[in-house]
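Structure data (mmCIF, C-alpha atoms) from work35.cif:
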data_work
loop_
_atom_site.label_atom_id
_atom_site.label_comp_id
_atom_site.auth_asym_id
_atom_site.auth_seq_id
_atom_site.Cartn_x
_atom_site.Cartn_y
_atom_site.Cartn_z
CA MET R 1 51.41 28.53 -21.54
CA ASP R 2 53.29 31.76 -21.54
CA PHE R 3 56.05 33.62 -19.80
CA LEU R 4 53.84 34.36 -16.83
CA THR R 5 53.16 30.67 -16.22
CA SER R 6 56.88 30.06 -16.11
CA MET R 7 57.41 32.93 -13.68
CA GLN R 8 54.54 31.71 -11.49
CA THR R 9 56.08 28.26 -11.41
CA SER R 10 59.44 29.67 -10.30
CA LEU R 11 57.64 31.75 -7.69
CA SER R 12 55.94 28.66 -6.28
CA GLY R 13 59.41 27.09 -6.01
CA LEU R 14 60.77 30.16 -4.19
CA ASN R 15 57.85 30.09 -1.81
CA ALA R 16 58.23 26.38 -1.04
CA GLN R 17 61.96 26.71 -0.40
CA ARG R 18 61.38 29.72 1.86
CA ILE R 19 58.91 27.71 3.95
CA ARG R 20 61.52 24.98 4.12
CA VAL R 21 64.14 27.45 5.39
CA ASN R 22 61.63 28.70 7.99
CA THR R 23 61.06 25.15 9.20
CA ILE R 24 64.80 24.50 9.42
CA SER R 25 65.29 27.74 11.39
CA SER R 26 62.56 26.68 13.76
CA ASN R 27 64.22 23.27 14.21
CA LEU R 28 67.59 24.87 14.91
CA ALA R 29 66.12 27.43 17.30
CA ASN R 30 64.39 24.68 19.26
CA VAL R 31 67.30 22.31 19.42
CA ASN R 32 67.17 22.45 23.26
CA THR R 33 63.45 22.99 23.78
CA LEU R 34 62.29 20.44 26.33
CA GLU R 35 58.67 21.44 26.85
CA THR R 36 55.99 22.09 24.27
CA ALA R 37 52.27 22.71 24.35
CA GLU R 38 51.69 19.12 23.17
CA GLY R 39 53.89 17.83 25.97
CA GLY R 40 57.34 16.29 25.72
CA PRO R 41 60.33 17.80 23.94
CA TYR R 42 60.10 19.68 20.63
CA ARG R 43 59.78 17.41 17.60
CA ARG R 44 61.65 18.04 14.37
CA LYS R 45 59.39 19.46 11.64
CA GLU R 46 59.68 18.97 7.93
CA PRO R 47 57.65 20.37 5.02
CA VAL R 48 56.22 17.90 2.49
CA PHE R 49 56.32 19.18 -1.09
CA SER R 50 53.88 18.12 -3.76
CA ALA R 51 53.50 19.01 -7.42
CA ILE R 52 50.30 20.65 -8.68
CA PRO R 53 49.41 21.45 -12.29
CA SER R 54 49.71 25.18 -12.89
CA GLN R 55 46.41 25.84 -14.59
CA ASP R 56 46.39 29.51 -14.02
CA ASN R 57 44.05 30.68 -16.66
CA PHE R 58 41.22 29.64 -18.89
CA ASN R 59 43.54 29.00 -21.80
CA ASP R 60 45.69 26.49 -19.89
CA VAL R 61 42.66 24.54 -18.75
CA LEU R 62 41.24 24.53 -22.28
CA SER R 63 44.44 23.36 -23.93
CA GLU R 64 44.82 20.59 -21.40
CA LYS R 65 41.26 19.37 -21.82
CA PHE R 66 41.09 19.64 -25.59
CA ASP R 67 44.59 19.05 -26.90
CA GLY R 68 45.90 16.93 -24.05
CA VAL R 69 48.77 19.39 -23.77
CA GLU R 70 50.14 19.28 -20.28
CA VAL R 71 51.00 22.51 -18.60
CA GLY R 72 53.88 22.94 -16.22
CA GLU R 73 53.69 21.89 -12.64
CA LYS R 74 54.02 24.18 -9.67
CA VAL R 75 55.18 23.06 -6.27
CA ARG R 76 53.40 23.63 -3.02
CA VAL R 77 53.88 22.68 0.58
CA ALA R 78 51.20 20.07 1.18
CA ARG R 79 51.70 19.95 4.95
CA ILE R 80 54.33 20.20 7.62
CA GLU R 81 55.04 16.85 9.18
CA GLU R 82 56.50 16.08 12.55
CA ASP R 83 59.40 13.70 12.71
CA MET R 84 58.07 10.79 14.79
CA ARG R 85 61.45 9.38 15.70
CA PRO R 86 61.83 9.03 19.48
CA PRO R 87 63.50 11.87 21.38
CA LYS R 88 67.19 11.66 22.20
CA MET R 89 67.68 10.46 25.79
CA VAL R 90 70.54 12.25 27.50
CA TYR R 91 71.79 11.19 30.92
CA ASN R 92 71.59 14.20 33.25
CA PRO R 93 70.22 13.17 36.67
CA ASN R 94 70.40 16.71 38.09
CA HIS R 95 68.05 18.12 35.49
CA PRO R 96 64.58 19.04 36.78
CA LEU R 97 62.94 17.17 33.88
CA ALA R 98 65.00 14.00 34.27
CA ASN R 99 63.03 10.76 34.54
CA ALA R 100 63.41 8.13 37.28
CA ASP R 101 66.55 6.70 35.60
CA GLY R 102 68.15 10.16 35.32
CA TYR R 103 67.59 10.60 31.56
CA VAL R 104 66.24 13.78 29.96
CA ALA R 105 64.24 13.60 26.68
CA MET R 106 65.87 16.01 24.22
CA PRO R 107 64.48 17.05 20.80
CA ASN R 108 65.23 14.59 17.97
CA ILE R 109 67.15 17.23 16.00
CA ASP R 110 70.54 16.73 14.44
CA PRO R 111 71.99 20.22 13.83
CA MET R 112 74.34 18.85 11.17
CA MET R 113 71.45 17.44 9.15
CA GLU R 114 69.56 20.71 9.48
CA MET R 115 72.56 22.61 8.12
CA VAL R 116 72.84 20.28 5.13
CA ASN R 117 69.12 20.74 4.44
CA LEU R 118 69.54 24.48 4.80
CA LEU R 119 72.29 24.51 2.17
CA GLU R 120 70.18 22.40 -0.17
CA ALA R 121 67.22 24.74 0.30
CA GLN R 122 69.44 27.72 -0.45
CA LYS R 123 70.77 26.15 -3.66
CA SER R 124 67.25 25.23 -4.79
CA TYR R 125 66.11 28.79 -4.04
CA GLU R 126 68.94 30.16 -6.18
CA ALA R 127 68.06 27.77 -9.01
CA ASN R 128 64.49 29.09 -8.95
CA VAL R 129 65.73 32.68 -9.00
CA ASN R 130 67.84 31.83 -12.06
CA SER R 131 64.91 30.27 -13.83
CA PHE R 132 62.79 33.33 -13.03
CA ASP R 133 65.50 35.59 -14.46
CA VAL R 134 65.68 33.58 -17.67
CA ALA R 135 61.91 33.74 -18.17
CA LYS R 136 62.03 37.49 -17.54
CA ASP R 137 64.88 37.94 -20.01
CA MET R 138 62.96 36.02 -22.67
CA ALA R 139 59.86 38.11 -22.06
CA MET R 140 61.83 41.35 -22.31
CA ARG R 141 63.41 40.19 -25.53
CA ALA R 142 60.03 39.27 -26.97
CA LEU R 143 59.11 42.92 -26.51
CA GLU R 144 62.05 43.89 -28.68
CA ILE R 145 60.98 41.84 -31.70
CA GLY R 146 60.77 44.11 -34.71
CA LYS R 147 62.65 46.99 -33.13
CA MET Q 1 48.79 32.02 -38.76
CA ILE Q 2 50.09 35.43 -39.73
CA SER Q 3 49.86 36.42 -43.36
CA ASP Q 4 51.86 34.08 -45.55
CA LYS Q 5 51.92 36.59 -48.37
CA LEU Q 6 54.08 38.92 -46.34
CA PHE Q 7 56.12 36.48 -44.31
CA ASP Q 8 58.11 33.61 -45.71
CA ASN Q 9 58.76 30.18 -44.26
CA VAL Q 10 61.77 31.23 -42.28
CA THR Q 11 59.82 33.93 -40.45
CA LEU Q 12 56.99 31.51 -39.70
CA GLY Q 13 59.49 28.91 -38.54
CA LEU Q 14 61.19 31.43 -36.25
CA ASN Q 15 57.82 32.37 -34.85
CA LYS Q 16 57.18 28.72 -34.01
CA ALA Q 17 60.68 28.31 -32.62
CA LEU Q 18 60.18 31.21 -30.21
CA SER Q 19 56.90 29.74 -28.91
CA TYR Q 20 58.59 26.40 -28.49
CA ARG Q 21 61.44 27.99 -26.48
CA VAL Q 22 58.88 29.63 -24.17
CA GLU Q 23 57.13 26.31 -23.59
CA ARG Q 24 60.43 24.62 -22.98
CA GLN Q 25 61.36 27.26 -20.42
CA ASN Q 26 58.06 26.56 -18.74
CA VAL Q 27 58.76 22.84 -18.46
CA ILE Q 28 62.29 23.51 -17.18
CA SER Q 29 61.04 25.91 -14.53
CA SER Q 30 58.56 23.32 -13.26
CA ASN Q 31 61.39 20.81 -13.03
CA ILE Q 32 63.45 23.30 -11.06
CA ALA Q 33 60.53 24.28 -8.82
CA ASN Q 34 60.05 20.59 -8.05
CA LEU Q 35 63.70 19.86 -7.25
CA ASN Q 36 62.76 18.57 -3.80
CA THR Q 37 59.31 17.15 -4.46
CA PRO Q 38 59.20 13.44 -3.61
CA ASN Q 39 58.23 11.15 -6.51
CA TYR Q 40 58.33 13.99 -9.05
CA LYS Q 41 59.41 12.84 -12.50
CA ALA Q 42 61.46 15.29 -14.54
CA LYS Q 43 59.76 16.34 -17.77
CA GLU Q 44 61.01 17.41 -21.15
CA LEU Q 45 59.60 18.91 -24.31
CA ASP Q 46 60.28 16.65 -27.21
CA PHE Q 47 60.47 18.94 -30.18
CA GLU Q 48 63.57 18.12 -32.22
CA SER Q 49 62.48 14.57 -33.02
CA MET Q 50 59.01 15.76 -33.94
CA LEU Q 51 60.42 18.47 -36.20
CA LYS Q 52 62.60 15.86 -37.85
CA ASP Q 53 59.58 13.64 -38.54
CA VAL Q 54 57.63 16.50 -40.05
CA MET Q 55 60.52 17.69 -42.16
CA GLU Q 56 61.17 14.23 -43.55
CA ASP Q 57 57.56 13.81 -44.66
CA SER Q 58 57.26 17.32 -45.96
CA PRO Q 59 57.87 18.50 -49.48
CA ILE Q 60 60.17 21.25 -48.20
CA LEU Q 61 63.16 19.18 -49.19
CA ASN Q 62 62.18 18.58 -52.82
CA HIS Q 63 62.02 22.25 -53.75
CA ASP Q 64 58.88 21.95 -55.81
CA LYS Q 65 57.23 25.33 -56.19
CA ARG Q 66 53.76 23.76 -56.35
CA HIS Q 67 54.18 22.33 -52.91
CA GLN Q 68 55.45 25.44 -51.24
CA SER Q 69 52.12 27.00 -50.37
CA VAL Q 70 50.61 23.73 -49.18
CA MET Q 71 53.58 23.06 -47.00
CA LYS Q 72 53.66 26.53 -45.53
CA ASP Q 73 50.33 26.21 -43.77
CA SER Q 74 50.37 22.60 -42.80
CA LEU Q 75 53.99 22.18 -41.77
CA PHE Q 76 54.15 24.66 -38.96
CA ASP Q 77 50.57 24.31 -37.83
CA SER Q 78 50.92 20.60 -37.25
CA LEU Q 79 54.02 21.07 -35.16
CA ASP Q 80 53.22 20.57 -31.55
CA ALA Q 81 55.77 19.52 -29.04
CA SER Q 82 54.68 16.94 -26.53
CA VAL Q 83 55.75 16.74 -22.91
CA ARG Q 84 57.32 13.48 -21.93
CA GLU Q 85 58.93 12.21 -18.78
CA ILE Q 86 62.68 11.80 -18.76
CA SER Q 87 63.38 8.15 -18.02
CA ASP Q 88 66.47 8.75 -15.92
CA ALA Q 89 67.21 6.95 -12.72
CA PRO Q 90 66.26 8.90 -9.59
CA THR Q 91 69.05 11.15 -8.33
CA ALA Q 92 67.90 11.04 -4.71
CA ASN Q 93 66.28 8.71 -2.22
CA ASP Q 94 62.92 10.43 -2.63
CA LEU Q 95 62.49 9.00 -6.18
CA ASN Q 96 62.78 12.48 -7.67
CA THR Q 97 64.41 12.32 -11.11
CA VAL Q 98 65.28 16.00 -11.57
CA ASN Q 99 68.96 16.57 -12.24
CA MET Q 100 69.61 20.17 -11.25
CA GLU Q 101 72.84 20.64 -13.26
CA GLN Q 102 71.19 19.24 -16.35
CA GLU Q 103 68.16 21.48 -15.96
CA ILE Q 104 70.29 24.60 -15.51
CA ALA Q 105 72.35 23.67 -18.57
CA LYS Q 106 69.17 23.09 -20.62
CA MET Q 107 67.77 26.39 -19.41
CA VAL Q 108 70.87 28.35 -20.43
CA GLU Q 109 70.99 26.59 -23.79
CA ASN Q 110 67.32 27.36 -24.30
CA GLN Q 111 67.85 31.02 -23.42
CA ILE Q 112 70.74 31.38 -25.87
CA LEU Q 113 68.77 29.74 -28.67
CA TYR Q 114 65.79 31.96 -27.87
CA ARG Q 115 68.00 35.03 -28.19
CA GLY Q 116 69.36 33.61 -31.43
CA SER Q 117 65.91 33.08 -32.93
CA GLN Q 118 64.81 36.50 -31.74
CA GLU Q 119 67.84 38.11 -33.36
CA LEU Q 120 67.24 36.25 -36.62
CA LEU Q 121 63.59 37.29 -36.60
CA ASN Q 122 64.63 40.89 -36.04
CA ARG Q 123 66.99 40.74 -39.01
CA LYS Q 124 64.28 39.25 -41.21
CA LEU Q 125 61.87 41.98 -40.17
CA ALA Q 126 64.56 44.60 -40.74
CA LEU Q 127 64.93 43.34 -44.30
CA LEU Q 128 61.18 43.62 -44.74
CA LYS Q 129 61.23 47.16 -43.38
CA TYR Q 130 64.09 47.97 -45.71
CA ALA Q 131 62.07 46.77 -48.67
CA ILE Q 132 58.96 48.61 -47.53
CA SER Q 133 60.87 51.87 -47.19
CA GLU Q 134 62.21 51.36 -50.73
CA GLY Q 135 65.74 50.62 -49.66
CA GLY Q 136 65.87 53.35 -47.07
CA LEU Q 137 64.89 56.08 -49.54
CA ARG Q 138 61.81 56.98 -47.54
#
Could you write out this structure as structure tokens?
Amino acid sequence: MDFLTSMQTSLSGLNAQRIRVNTISSNLANVNTLETAEGGPYRRKEPVFSAIPSQDNFNDVLSEKFDGVEVGEKVRVARIEEDMRPPKMVYNPNHPLANADGYVAMPNIDPMMEMVNLLEAQKSYEANVNSFDVAKDMAMRALEIGK
Amino acid sequence: MISDKLFDNVTLGLNKALSYRVERQNVISSNIANLNTPNYKAKELDFESMLKDVMEDSPILNHDKRHQSVMKDSLFDSLDASVREISDAPTANDLNTVNMEQEIAKMVENQILYRGSQELLNRKLALLKYAISEGGLR
């Protein structure tokens, strides 16, 4: 465990939140996309985060195996899941993609929810930047010991 | 452990305190990185209570010269903080127990105390330098 582990952990957080922002942008951009390669309207996508032990180096692995000392946990995007909720049906009989009853299948995206998620991702990103800065500050100060 | 002839207990203690602050920062940054990880349980380094246990058993408090050298090696070497899960209720629907405000506050506190220990260590070392240079004569 050292300063670098802490910085790596914050970096993994930054990375995960950035992927989350990308997914949200893609959802917002495709809010009216009616046709996709898989068929049907665009489906909302969401990253799934999972925690992984940050055993970066030999020393971390050793201390965990021998002393039972846990190292910090990084975060990673395990996969990007599709929201399986049914598409929104909007009545628009003149639309070329309307079904027999005159309804068009629209993407199951709620722009308001995406915006809230976007804000949360931004705040989490900032928190990770802060934590990176603190680790950096501590490392710089360690260099000044004895000066 | 660095030479105990040259460095006294306070210096050794500060040394340990700095390492502990680094580890604590590490645990806090994993909590912050996992702010949005479902089922993640917030973790914490439990050091203060462990230090208290060691100090209560140790002869440091009874000022006996004969015990000083024994204590010096064993006290700080046996100090190892353990990581435990914070048993708070989840703050979100995803069963994640990380409380962002609390983590930021802990991080800032930790940073300030790290700076404090570093400053104290610097002053101790400055005193040592002062003595080595014969009170600034050389």
>> Should the cut-off be 6 Å, what would the residue list for chain Q against chain R look like, counting all atoms listed in the file, as a ChimeraX atom specification?
In response: /Q:26-27,29-30,33-34,37,122,125
> Just how far from atom CA of Q:Arg21 is atom CA of Q:Asp46, in Å to one decimal?
Replying inline: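 Separating atom CA of Q:Asp46 from atom CA of Q:Arg21 is a distance of 11.4 Å.
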> Which residue, Q:Val108, Q:Ile132, Q:Leu95, Q:Met100, has the smallest gap to Q:Ile32 when you use all atoms listed in the file?
Replying inline: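 Under the stated criterion, the closest residue is Q:Met100.
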> Could you state the separation of atom CA of Q:Ala92 and atom CA of R:Asn117 in Å, given to one decimal place?
Replying inline: 13.4 Å
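For the file shown, the residue list from the PyMOL selection byres ((chain R and resi 35-40) around 10) reads Asn32, Thr33, Leu34, Pro41, Tyr42, Arg43, Pro87, Leu97, Ala105, Met106 and Pro107 of chain R.
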> For R:Ile24, which of R:Pro86, R:Pro93, R:Gly102, R:Pro47 is the closest residue, counting all atoms listed in the file?
Replying inline: R:Pro47
> atom CA of Q:Gln111 and atom CA of Q:Leu127, how far apart in Å?
Replying inline: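 Taking atom CA of Q:Leu127 as the start and atom CA of Q:Gln111 as the end point, the length is 24.4 Å.
Closest approach to Q:Leu18 among Q:Arg123, Q:Thr97, Q:Tyr130, Q:Leu113: Q:Leu113, based on all atoms listed in the file.
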> Looking at R:Tyr91, R:Gln122, R:Ile109, R:Arg85, which one is nearest to R:Asn22, with distances taken over all atoms listed in the file?
Replying inline: R:Gln122
> Using all atoms listed in the file, can you list as a list in words the residues within 10 Å of (58.5, 15.4, -23.2)?
Replying inline: Glu70 of chain R; Arg24, Val27, Ala42, Lys43, Glu44, Leu45, Asp46, Phe47, Ala81, Ser82, Val83, Arg84, Glu85 and Ile86 of chain Q
> So which one's closest to R:Val31, R:Ala98, R:Leu143, R:Tyr103, R:Lys45? Using all atoms listed in the file, please.
Replying inline: R:Lys45
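Counting only C-alpha atoms, Q:Thr11 has the following residues at most 9 Å away, ignoring those fewer than 4 positions along the same chain: Phe7, Asn15, Lys16, Leu120, Leu121, Lys124 and Leu125 of chain Q.
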